[in-house]
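Asker: One file: data-v7.pdb (PDB, N, CA and C atoms).
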```pdb
MODEL        1
ATOM      1  N   MET A   1       6.371  12.685 -15.092
ATOM      2  CA  MET A   1       7.133  11.868 -14.170
ATOM      3  C   MET A   1       6.983  10.390 -14.527
ATOM      4  N   LEU A   2       5.839  10.012 -15.047
ATOM      5  CA  LEU A   2       5.607   8.605 -15.371
ATOM      6  C   LEU A   2       5.874   8.278 -16.831
ATOM      7  N   ARG A   3       6.203   9.283 -17.606
ATOM      8  CA  ARG A   3       6.394   9.087 -19.040
ATOM      9  C   ARG A   3       7.377   7.959 -19.342
ATOM     10  N   ASN A   4       8.482   7.894 -18.623
ATOM     11  CA  ASN A   4       9.509   6.884 -18.885
ATOM     12  C   ASN A   4       9.469   5.718 -17.910
ATOM     13  N   ALA A   5       8.421   5.658 -17.109
ATOM     14  CA  ALA A   5       8.298   4.578 -16.118
ATOM     15  C   ALA A   5       8.003   3.256 -16.834
ATOM     16  N   PRO A   6       8.499   2.157 -16.282
ATOM     17  CA  PRO A   6       8.218   0.858 -16.902
ATOM     18  C   PRO A   6       6.749   0.475 -16.726
ATOM     19  N   GLU A   7       6.265  -0.373 -17.600
ATOM     20  CA  GLU A   7       4.914  -0.922 -17.482
ATOM     21  C   GLU A   7       4.902  -1.904 -16.315
ATOM     22  N   PHE A   8       3.712  -2.131 -15.752
ATOM     23  CA  PHE A   8       3.611  -3.004 -14.582
ATOM     24  C   PHE A   8       4.169  -4.401 -14.867
ATOM     25  N   PHE A   9       3.845  -4.957 -16.033
ATOM     26  CA  PHE A   9       4.307  -6.313 -16.340
ATOM     27  C   PHE A   9       5.830  -6.409 -16.362
ATOM     28  N   GLU A  10       6.502  -5.289 -16.577
ATOM     29  CA  GLU A  10       7.957  -5.284 -16.609
ATOM     30  C   GLU A  10       8.574  -5.352 -15.212
ATOM     31  N   VAL A  11       7.818  -4.961 -14.194
ATOM     32  CA  VAL A  11       8.351  -4.955 -12.829
ATOM     33  C   VAL A  11       7.653  -5.967 -11.916
ATOM     34  N   ALA A  12       6.627  -6.642 -12.423
ATOM     35  CA  ALA A  12       5.814  -7.545 -11.605
ATOM     36  C   ALA A  12       6.651  -8.645 -10.950
ATOM     37  N   LYS A  13       7.533  -9.275 -11.705
ATOM     38  CA  LYS A  13       8.349 -10.353 -11.145
ATOM     39  C   LYS A  13       9.208  -9.831  -9.991
ATOM     40  N   ARG A  14       9.770  -8.650 -10.152
ATOM     41  CA  ARG A  14      10.616  -8.069  -9.104
ATOM     42  C   ARG A  14       9.784  -7.731  -7.863
ATOM     43  N   ILE A  15       8.560  -7.287  -8.057
ATOM     44  CA  ILE A  15       7.682  -7.005  -6.915
ATOM     45  C   ILE A  15       7.442  -8.271  -6.114
ATOM     46  N   VAL A  16       7.175  -9.373  -6.805
ATOM     47  CA  VAL A  16       6.966 -10.653  -6.126
ATOM     48  C   VAL A  16       8.228 -11.050  -5.364
ATOM     49  N   GLU A  17       9.385 -10.883  -5.986
ATOM     50  CA  GLU A  17      10.649 -11.261  -5.344
ATOM     51  C   GLU A  17      10.913 -10.445  -4.071
ATOM     52  N   ILE A  18      10.718  -9.139  -4.140
ATOM     53  CA  ILE A  18      11.072  -8.304  -2.984
ATOM     54  C   ILE A  18      10.014  -8.301  -1.898
ATOM     55  N   THR A  19       8.810  -8.770  -2.209
ATOM     56  CA  THR A  19       7.768  -8.808  -1.188
ATOM     57  C   THR A  19       7.580 -10.202  -0.596
ATOM     58  N   ASN A  20       8.366 -11.153  -1.055
ATOM     59  CA  ASN A  20       8.263 -12.515  -0.529
ATOM     60  C   ASN A  20       8.504 -12.508   0.982
ATOM     61  N   GLU A  21       7.556 -13.062   1.723
ATOM     62  CA  GLU A  21       7.622 -13.134   3.188
ATOM     63  C   GLU A  21       7.636 -11.755   3.848
ATOM     64  N   CYS A  22       7.044 -10.768   3.183
ATOM     65  CA  CYS A  22       6.977  -9.417   3.731
ATOM     66  C   CYS A  22       5.533  -9.050   4.035
ATOM     67  N   GLU A  23       5.382  -7.947   4.723
ATOM     68  CA  GLU A  23       4.071  -7.397   5.012
ATOM     69  C   GLU A  23       4.037  -5.969   4.481
ATOM     70  N   LEU A  24       2.964  -5.619   3.804
ATOM     71  CA  LEU A  24       2.800  -4.277   3.274
ATOM     72  C   LEU A  24       2.384  -3.350   4.404
ATOM     73  N   ALA A  25       3.159  -2.326   4.667
ATOM     74  CA  ALA A  25       2.815  -1.318   5.664
ATOM     75  C   ALA A  25       2.610  -0.013   4.919
ATOM     76  N   ALA A  26       1.389   0.529   5.046
ATOM     77  CA  ALA A  26       1.071   1.752   4.312
ATOM     78  C   ALA A  26      -0.079   2.478   4.977
ATOM     79  N   HIS A  27      -0.156   3.760   4.705
ATOM     80  CA  HIS A  27      -1.293   4.554   5.163
ATOM     81  C   HIS A  27      -2.417   4.292   4.162
ATOM     82  N   ASN A  28      -3.478   3.679   4.620
ATOM     83  CA  ASN A  28      -4.579   3.200   3.779
ATOM     84  C   ASN A  28      -4.115   2.019   2.927
ATOM     85  N   ALA A  29      -3.544   1.024   3.572
ATOM     86  CA  ALA A  29      -2.962  -0.144   2.906
ATOM     87  C   ALA A  29      -3.966  -0.909   2.058
ATOM     88  N   LYS A  30      -5.247  -0.881   2.418
ATOM     89  CA  LYS A  30      -6.250  -1.593   1.617
ATOM     90  C   LYS A  30      -6.258  -1.089   0.185
ATOM     91  N   PHE A  31      -6.105   0.213   0.008
ATOM     92  CA  PHE A  31      -6.067   0.794  -1.335
ATOM     93  C   PHE A  31      -4.869   0.263  -2.116
ATOM     94  N   ASP A  32      -3.683   0.329  -1.519
ATOM     95  CA  ASP A  32      -2.473  -0.124  -2.197
ATOM     96  C   ASP A  32      -2.548  -1.616  -2.535
ATOM     97  N   HIS A  33      -3.037  -2.400  -1.582
ATOM     98  CA  HIS A  33      -3.138  -3.842  -1.797
ATOM     99  C   HIS A  33      -4.141  -4.144  -2.914
ATOM    100  N   ARG A  34      -5.257  -3.414  -2.940
ATOM    101  CA  ARG A  34      -6.264  -3.618  -3.978
ATOM    102  C   ARG A  34      -5.695  -3.314  -5.366
ATOM    103  N   ILE A  35      -4.915  -2.256  -5.482
ATOM    104  CA  ILE A  35      -4.303  -1.900  -6.776
ATOM    105  C   ILE A  35      -3.318  -2.987  -7.213
ATOM    106  N   LEU A  36      -2.487  -3.453  -6.290
ATOM    107  CA  LEU A  36      -1.541  -4.522  -6.620
ATOM    108  C   LEU A  36      -2.273  -5.788  -7.058
ATOM    109  N   LYS A  37      -3.306  -6.175  -6.319
ATOM    110  CA  LYS A  37      -4.073  -7.374  -6.679
ATOM    111  C   LYS A  37      -4.698  -7.240  -8.064
ATOM    112  N   LEU A  38      -5.231  -6.060  -8.364
ATOM    113  CA  LEU A  38      -5.844  -5.814  -9.667
ATOM    114  C   LEU A  38      -4.825  -5.961 -10.790
ATOM    115  N   GLU A  39      -3.675  -5.323 -10.627
ATOM    116  CA  GLU A  39      -2.650  -5.387 -11.673
ATOM    117  C   GLU A  39      -2.130  -6.807 -11.869
ATOM    118  N   PHE A  40      -1.932  -7.523 -10.775
ATOM    119  CA  PHE A  40      -1.473  -8.908 -10.906
ATOM    120  C   PHE A  40      -2.547  -9.792 -11.526
ATOM    121  N   SER A  41      -3.816  -9.547 -11.193
ATOM    122  CA  SER A  41      -4.892 -10.359 -11.777
ATOM    123  C   SER A  41      -4.964 -10.159 -13.280
ATOM    124  N   ARG A  42      -4.652  -8.965 -13.747
ATOM    125  CA  ARG A  42      -4.611  -8.706 -15.198
ATOM    126  C   ARG A  42      -3.533  -9.535 -15.881
ATOM    127  N   LEU A  43      -2.525  -9.932 -15.114
ATOM    128  CA  LEU A  43      -1.449 -10.776 -15.642
ATOM    129  C   LEU A  43      -1.725 -12.257 -15.394
ATOM    130  N   GLY A  44      -2.870 -12.559 -14.780
ATOM    131  CA  GLY A  44      -3.231 -13.940 -14.504
ATOM    132  C   GLY A  44      -2.556 -14.516 -13.275
ATOM    133  N   PHE A  45      -2.132 -13.658 -12.360
ATOM    134  CA  PHE A  45      -1.406 -14.084 -11.166
ATOM    135  C   PHE A  45      -2.196 -13.668  -9.940
ATOM    136  N   GLN A  46      -2.358 -14.584  -9.001
ATOM    137  CA  GLN A  46      -3.048 -14.250  -7.752
ATOM    138  C   GLN A  46      -2.019 -13.726  -6.756
ATOM    139  N   PHE A  47      -2.149 -12.467  -6.392
ATOM    140  CA  PHE A  47      -1.200 -11.816  -5.496
ATOM    141  C   PHE A  47      -1.855 -11.620  -4.142
ATOM    142  N   GLN A  48      -1.217 -12.093  -3.103
ATOM    143  CA  GLN A  48      -1.737 -11.947  -1.747
ATOM    144  C   GLN A  48      -0.588 -11.526  -0.851
ATOM    145  N   LEU A  49      -0.835 -10.541  -0.032
ATOM    146  CA  LEU A  49       0.202 -10.022   0.841
ATOM    147  C   LEU A  49      -0.453  -9.566   2.138
ATOM    148  N   LYS A  50       0.117  -9.950   3.259
ATOM    149  CA  LYS A  50      -0.383  -9.432   4.535
ATOM    150  C   LYS A  50      -0.126  -7.938   4.564
ATOM    151  N   SER A  51      -0.988  -7.212   5.276
ATOM    152  CA  SER A  51      -0.790  -5.765   5.307
ATOM    153  C   SER A  51      -1.046  -5.197   6.690
ATOM    154  N   LEU A  52      -0.387  -4.074   6.932
ATOM    155  CA  LEU A  52      -0.559  -3.295   8.153
ATOM    156  C   LEU A  52      -0.963  -1.904   7.711
ATOM    157  N   CYS A  53      -2.163  -1.517   8.084
ATOM    158  CA  CYS A  53      -2.693  -0.216   7.672
ATOM    159  C   CYS A  53      -2.506   0.784   8.812
ATOM    160  N   THR A  54      -1.751   1.844   8.549
ATOM    161  CA  THR A  54      -1.508   2.834   9.594
ATOM    162  C   THR A  54      -2.740   3.697   9.871
ATOM    163  N   VAL A  55      -3.699   3.744   8.942
ATOM    164  CA  VAL A  55      -4.953   4.443   9.228
ATOM    165  C   VAL A  55      -5.707   3.671  10.302
ATOM    166  N   GLU A  56      -5.892   2.372  10.082
ATOM    167  CA  GLU A  56      -6.605   1.542  11.047
ATOM    168  C   GLU A  56      -5.875   1.505  12.392
ATOM    169  N   LEU A  57      -4.562   1.391  12.343
ATOM    170  CA  LEU A  57      -3.776   1.356  13.569
ATOM    171  C   LEU A  57      -3.899   2.672  14.347
ATOM    172  N   SER A  58      -3.813   3.794  13.656
ATOM    173  CA  SER A  58      -3.903   5.084  14.348
ATOM    174  C   SER A  58      -5.291   5.298  14.951
ATOM    175  N   LYS A  59      -6.339   4.785  14.294
ATOM    176  CA  LYS A  59      -7.694   4.907  14.852
ATOM    177  C   LYS A  59      -7.822   4.114  16.151
ATOM    178  N   LYS A  60      -7.107   2.993  16.239
ATOM    179  CA  LYS A  60      -7.147   2.187  17.457
ATOM    180  C   LYS A  60      -6.319   2.795  18.581
ATOM    181  N   LEU A  61      -5.207   3.434  18.208
ATOM    182  CA  LEU A  61      -4.283   3.961  19.216
ATOM    183  C   LEU A  61      -4.555   5.408  19.617
ATOM    184  N   ILE A  62      -5.058   6.204  18.691
ATOM    185  CA  ILE A  62      -5.270   7.629  18.946
ATOM    186  C   ILE A  62      -6.752   7.921  18.701
ATOM    187  N   HIS A  63      -7.501   7.963  19.758
ATOM    188  CA  HIS A  63      -8.948   8.108  19.651
ATOM    189  C   HIS A  63      -9.372   9.550  19.409
ATOM    190  N   ALA A  64     -10.491   9.690  18.755
ATOM    191  CA  ALA A  64     -11.220  10.961  18.625
ATOM    192  C   ALA A  64     -10.501  12.057  17.846
ATOM    193  N   LEU A  65      -9.653  11.690  16.915
ATOM    194  CA  LEU A  65      -9.109  12.737  16.031
ATOM    195  C   LEU A  65     -10.180  13.075  15.004
ATOM    196  N   PRO A  66     -10.254  14.340  14.598
ATOM    197  CA  PRO A  66     -11.262  14.699  13.593
ATOM    198  C   PRO A  66     -10.957  14.093  12.218
ATOM    199  N   SER A  67      -9.688  13.783  11.964
ATOM    200  CA  SER A  67      -9.295  13.230  10.674
ATOM    201  C   SER A  67      -8.046  12.369  10.834
ATOM    202  N   TYR A  68      -7.988  11.320  10.045
ATOM    203  CA  TYR A  68      -6.811  10.446  10.059
ATOM    204  C   TYR A  68      -6.060  10.522   8.733
ATOM    205  N   ILE A  69      -6.307  11.596   7.984
ATOM    206  CA  ILE A  69      -5.513  11.857   6.781
ATOM    207  C   ILE A  69      -4.070  12.016   7.225
ATOM    208  N   LEU A  70      -3.147  11.455   6.462
ATOM    209  CA  LEU A  70      -1.747  11.391   6.892
ATOM    210  C   LEU A  70      -1.195  12.746   7.318
ATOM    211  N   GLY A  71      -1.401  13.783   6.533
ATOM    212  CA  GLY A  71      -0.870  15.109   6.874
ATOM    213  C   GLY A  71      -1.393  15.620   8.200
ATOM    214  N   LYS A  72      -2.700  15.457   8.422
ATOM    215  CA  LYS A  72      -3.299  15.917   9.674
ATOM    216  C   LYS A  72      -2.878  15.040  10.846
ATOM    217  N   LEU A  73      -2.743  13.765  10.605
ATOM    218  CA  LEU A  73      -2.325  12.841  11.659
ATOM    219  C   LEU A  73      -0.911  13.173  12.148
ATOM    220  N   VAL A  74       0.015  13.358  11.236
ATOM    221  CA  VAL A  74       1.388  13.652  11.669
ATOM    222  C   VAL A  74       1.481  15.017  12.345
ATOM    223  N   ARG A  75       0.709  15.992  11.854
ATOM    224  CA  ARG A  75       0.715  17.308  12.520
ATOM    225  C   ARG A  75       0.184  17.187  13.953
ATOM    226  N   SER A  76      -0.854  16.372  14.148
ATOM    227  CA  SER A  76      -1.402  16.212  15.495
ATOM    228  C   SER A  76      -0.409  15.524  16.430
ATOM    229  N   LEU A  77       0.534  14.786  15.848
ATOM    230  CA  LEU A  77       1.571  14.124  16.649
ATOM    231  C   LEU A  77       2.840  14.958  16.758
ATOM    232  N   GLY A  78       2.852  16.124  16.125
ATOM    233  CA  GLY A  78       4.022  16.990  16.166
ATOM    234  C   GLY A  78       5.150  16.537  15.273
ATOM    235  N   ILE A  79       4.838  15.781  14.244
ATOM    236  CA  ILE A  79       5.861  15.292  13.311
ATOM    237  C   ILE A  79       5.854  16.222  12.092
ATOM    238  N   PRO A  80       7.002  16.817  11.770
ATOM    239  CA  PRO A  80       7.030  17.737  10.605
ATOM    240  C   PRO A  80       6.871  16.978   9.284
TER     241      PRO A  80
ENDMDL
END
```
Starting from the file, give its structure as structure tokens.
Answerer:
Amino acid sequence: MLRNAPEFFEVAKRIVEITNECELAAHNAKFDHRILKLEFSRLGFQFQLKSLCTVELSKKLIHALPSYILGKLVRSLGIP
């Protein structure tokens, strides 16, 4: 699936353009943000983006679930 995917440096400028004034929303956003920061640092660019982590948010809103893994979280909410 990744065999023909572009290298990060080929899409980095576009990532900066489309994320300008945006906030990263993701399940475990710290992981995604850390990967982006690492890849940009390899290019000599400091990348910073505000983020909203749905893991952290769900822990605050839905107490005492045994797991906040995305699949288990959505099943507990009745989302297919």
Asker: Choose the residue, out of A:Leu2, A:Glu23, A:Arg75, A:Ala12, that has the smallest atom-to-atom separation from Leu49 (chain A); count all atoms listed in the file.
Answerer: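 Ranking A:Leu2, A:Glu23, A:Arg75, A:Ala12 by distance to Leu49 (chain A), first place goes to A:Glu23.
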Asker: Quote the spacing between atom N of Leu43 (chain A) and atom N of Ala5 (chain A) in Å to one decimal place.
Answerer: 19.2 Å
Asker: Pick out each residue of chain A that DSSP on the backbone tags as alpha helix (DSSP H); I need them as a VMD selection string.
Answerer: chain A and resid 8 to 19 29 to 42 54 to 61 70 to 76
Asker: Which distance in Å separates CA of Asn4 (chain A) and CA of Phe31 (chain A), to one decimal?
Answerer: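 Between these atoms lies a distance of 24.2 Å.
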Asker: Please return, as a PyMOL selection string, all residues of chain A that DSSP assigns to strand (DSSP E) on the basis of the backbone.
Answerer: chain A and resi 23-26+50-53
Asker: Taking N, CA and C atoms for each residue, export the selection above as a PDB file, in the coordinates of the input.
Answerer:
```pdb
ATOM      1  N   GLU A  23       5.382  -7.947   4.723  1.00  0.00           N
ATOM      2  CA  GLU A  23       4.071  -7.397   5.012  1.00  0.00           C
ATOM      3  C   GLU A  23       4.037  -5.969   4.481  1.00  0.00           C
ATOM      4  N   LEU A  24       2.964  -5.619   3.804  1.00  0.00           N
ATOM      5  CA  LEU A  24       2.800  -4.277   3.274  1.00  0.00           C
ATOM      6  C   LEU A  24       2.384  -3.350   4.404  1.00  0.00           C
ATOM      7  N   ALA A  25       3.159  -2.326   4.667  1.00  0.00           N
ATOM      8  CA  ALA A  25       2.815  -1.318   5.664  1.00  0.00           C
ATOM      9  C   ALA A  25       2.610  -0.013   4.919  1.00  0.00           C
ATOM     10  N   ALA A  26       1.389   0.529   5.046  1.00  0.00           N
ATOM     11  CA  ALA A  26       1.071   1.752   4.312  1.00  0.00           C
ATOM     12  C   ALA A  26      -0.079   2.478   4.977  1.00  0.00           C
ATOM     13  N   LYS A  50       0.117  -9.950   3.259  1.00  0.00           N
ATOM     14  CA  LYS A  50      -0.383  -9.432   4.535  1.00  0.00           C
ATOM     15  C   LYS A  50      -0.126  -7.938   4.564  1.00  0.00           C
ATOM     16  N   SER A  51      -0.988  -7.212   5.276  1.00  0.00           N
ATOM     17  CA  SER A  51      -0.790  -5.765   5.307  1.00  0.00           C
ATOM     18  C   SER A  51      -1.046  -5.197   6.690  1.00  0.00           C
ATOM     19  N   LEU A  52      -0.387  -4.074   6.932  1.00  0.00           N
ATOM     20  CA  LEU A  52      -0.559  -3.295   8.153  1.00  0.00           C
ATOM     21  C   LEU A  52      -0.963  -1.904   7.711  1.00  0.00           C
ATOM     22  N   CYS A  53      -2.163  -1.517   8.084  1.00  0.00           N
ATOM     23  CA  CYS A  53      -2.693  -0.216   7.672  1.00  0.00           C
ATOM     24  C   CYS A  53      -2.506   0.784   8.812  1.00  0.00           C
TER      25      CYS A  53
END
```
Asker: Interatomic distance between CA of Ser51 (chain A) and CA of Leu24 (chain A)?
Answerer: 4.4 Å
Asker: Please evaluate the PyMOL selection byres (((chain A and resi 53-58 and name CA) around 9) and name CA) against the displayed coordinates and give the resulting residues as an MDAnalysis selection string.
Answerer: chainID A and resid 24:30 51:52 59:63 68:70 73
Asker: Counting only C-alpha atoms, which residue out of A:Ser41, A:Pro6, A:Arg34, A:Lys50 sits closest to Thr19 (chain A)?
Answerer: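 So, comparing all the options, the nearest one is A:Lys50.
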Asker: Find the smallest box with edges along x, y and z containing every listed atom of region 18-24 of chain A, then add 3 Å on each side and report centre and edge lengths in Å to one decimal, as lines of an AutoDock Vina configuration file.
Answerer:
```
center_x = 6.7
center_y = -8.2
center_z = 0.4
size_x = 14.7
size_y = 15.8
size_z = 15.2
```
Asker: When you look at Phe8 (chain A) with a cut-off of 12 Å (counting only C-alpha atoms), what residues show up, excluding the ones that are within fewer than 3 positions of it in the same chain? I need them as a PyMOL selection string.
Answerer: chain A and resi 2+5+11-16+35-43
Asker: Using only C-alpha atoms, which residue out of A:Leu65, A:Phe47, A:Leu77, A:Gly71 lies closest to Glu17 (chain A)?
Answerer: A:Phe47
Asker: For region 49-65 of chain A, supply N, CA, C and O atoms and report the output as a compact mmCIF listing (two decimals), in the coordinates of the input.
Answerer:
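Saved to part.txt:
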```txt
# COMPACT_ATOMS: atom_id res chain seq x y z
N LEU A 49 -0.84 -10.54 -0.03
CA LEU A 49 0.20 -10.02 0.84
C LEU A 49 -0.45 -9.57 2.14
O LEU A 49 -1.49 -8.90 2.11
N LYS A 50 0.12 -9.95 3.26
CA LYS A 50 -0.38 -9.43 4.54
C LYS A 50 -0.13 -7.94 4.56
O LYS A 50 0.82 -7.45 3.96
N SER A 51 -0.99 -7.21 5.28
CA SER A 51 -0.79 -5.76 5.31
C SER A 51 -1.05 -5.20 6.69
O SER A 51 -1.79 -5.75 7.49
N LEU A 52 -0.39 -4.07 6.93
CA LEU A 52 -0.56 -3.30 8.15
C LEU A 52 -0.96 -1.90 7.71
O LEU A 52 -0.20 -1.21 7.03
N CYS A 53 -2.16 -1.52 8.08
CA CYS A 53 -2.69 -0.22 7.67
C CYS A 53 -2.51 0.78 8.81
O CYS A 53 -3.06 0.62 9.90
N THR A 54 -1.75 1.84 8.55
CA THR A 54 -1.51 2.83 9.59
C THR A 54 -2.74 3.70 9.87
O THR A 54 -2.83 4.29 10.94
N VAL A 55 -3.70 3.74 8.94
CA VAL A 55 -4.95 4.44 9.23
C VAL A 55 -5.71 3.67 10.30
O VAL A 55 -6.12 4.23 11.32
N GLU A 56 -5.89 2.37 10.08
CA GLU A 56 -6.60 1.54 11.05
C GLU A 56 -5.88 1.50 12.39
O GLU A 56 -6.50 1.59 13.45
N LEU A 57 -4.56 1.39 12.34
CA LEU A 57 -3.78 1.36 13.57
C LEU A 57 -3.90 2.67 14.35
O LEU A 57 -4.10 2.66 15.56
N SER A 58 -3.81 3.79 13.66
CA SER A 58 -3.90 5.08 14.35
C SER A 58 -5.29 5.30 14.95
O SER A 58 -5.42 5.90 16.01
N LYS A 59 -6.34 4.78 14.29
CA LYS A 59 -7.69 4.91 14.85
C LYS A 59 -7.82 4.11 16.15
O LYS A 59 -8.55 4.53 17.06
N LYS A 60 -7.11 2.99 16.24
CA LYS A 60 -7.15 2.19 17.46
C LYS A 60 -6.32 2.80 18.58
O LYS A 60 -6.67 2.69 19.75
N LEU A 61 -5.21 3.43 18.21
CA LEU A 61 -4.28 3.96 19.22
C LEU A 61 -4.56 5.41 19.62
O LEU A 61 -4.26 5.80 20.74
N ILE A 62 -5.06 6.20 18.69
CA ILE A 62 -5.27 7.63 18.95
C ILE A 62 -6.75 7.92 18.70
O ILE A 62 -7.18 8.10 17.57
N HIS A 63 -7.50 7.96 19.76
CA HIS A 63 -8.95 8.11 19.65
C HIS A 63 -9.37 9.55 19.41
O HIS A 63 -8.69 10.49 19.82
N ALA A 64 -10.49 9.69 18.76
CA ALA A 64 -11.22 10.96 18.62
C ALA A 64 -10.50 12.06 17.85
O ALA A 64 -10.73 13.23 18.10
N LEU A 65 -9.65 11.69 16.92
CA LEU A 65 -9.11 12.74 16.03
C LEU A 65 -10.18 13.08 15.00
O LEU A 65 -10.93 12.20 14.56
```
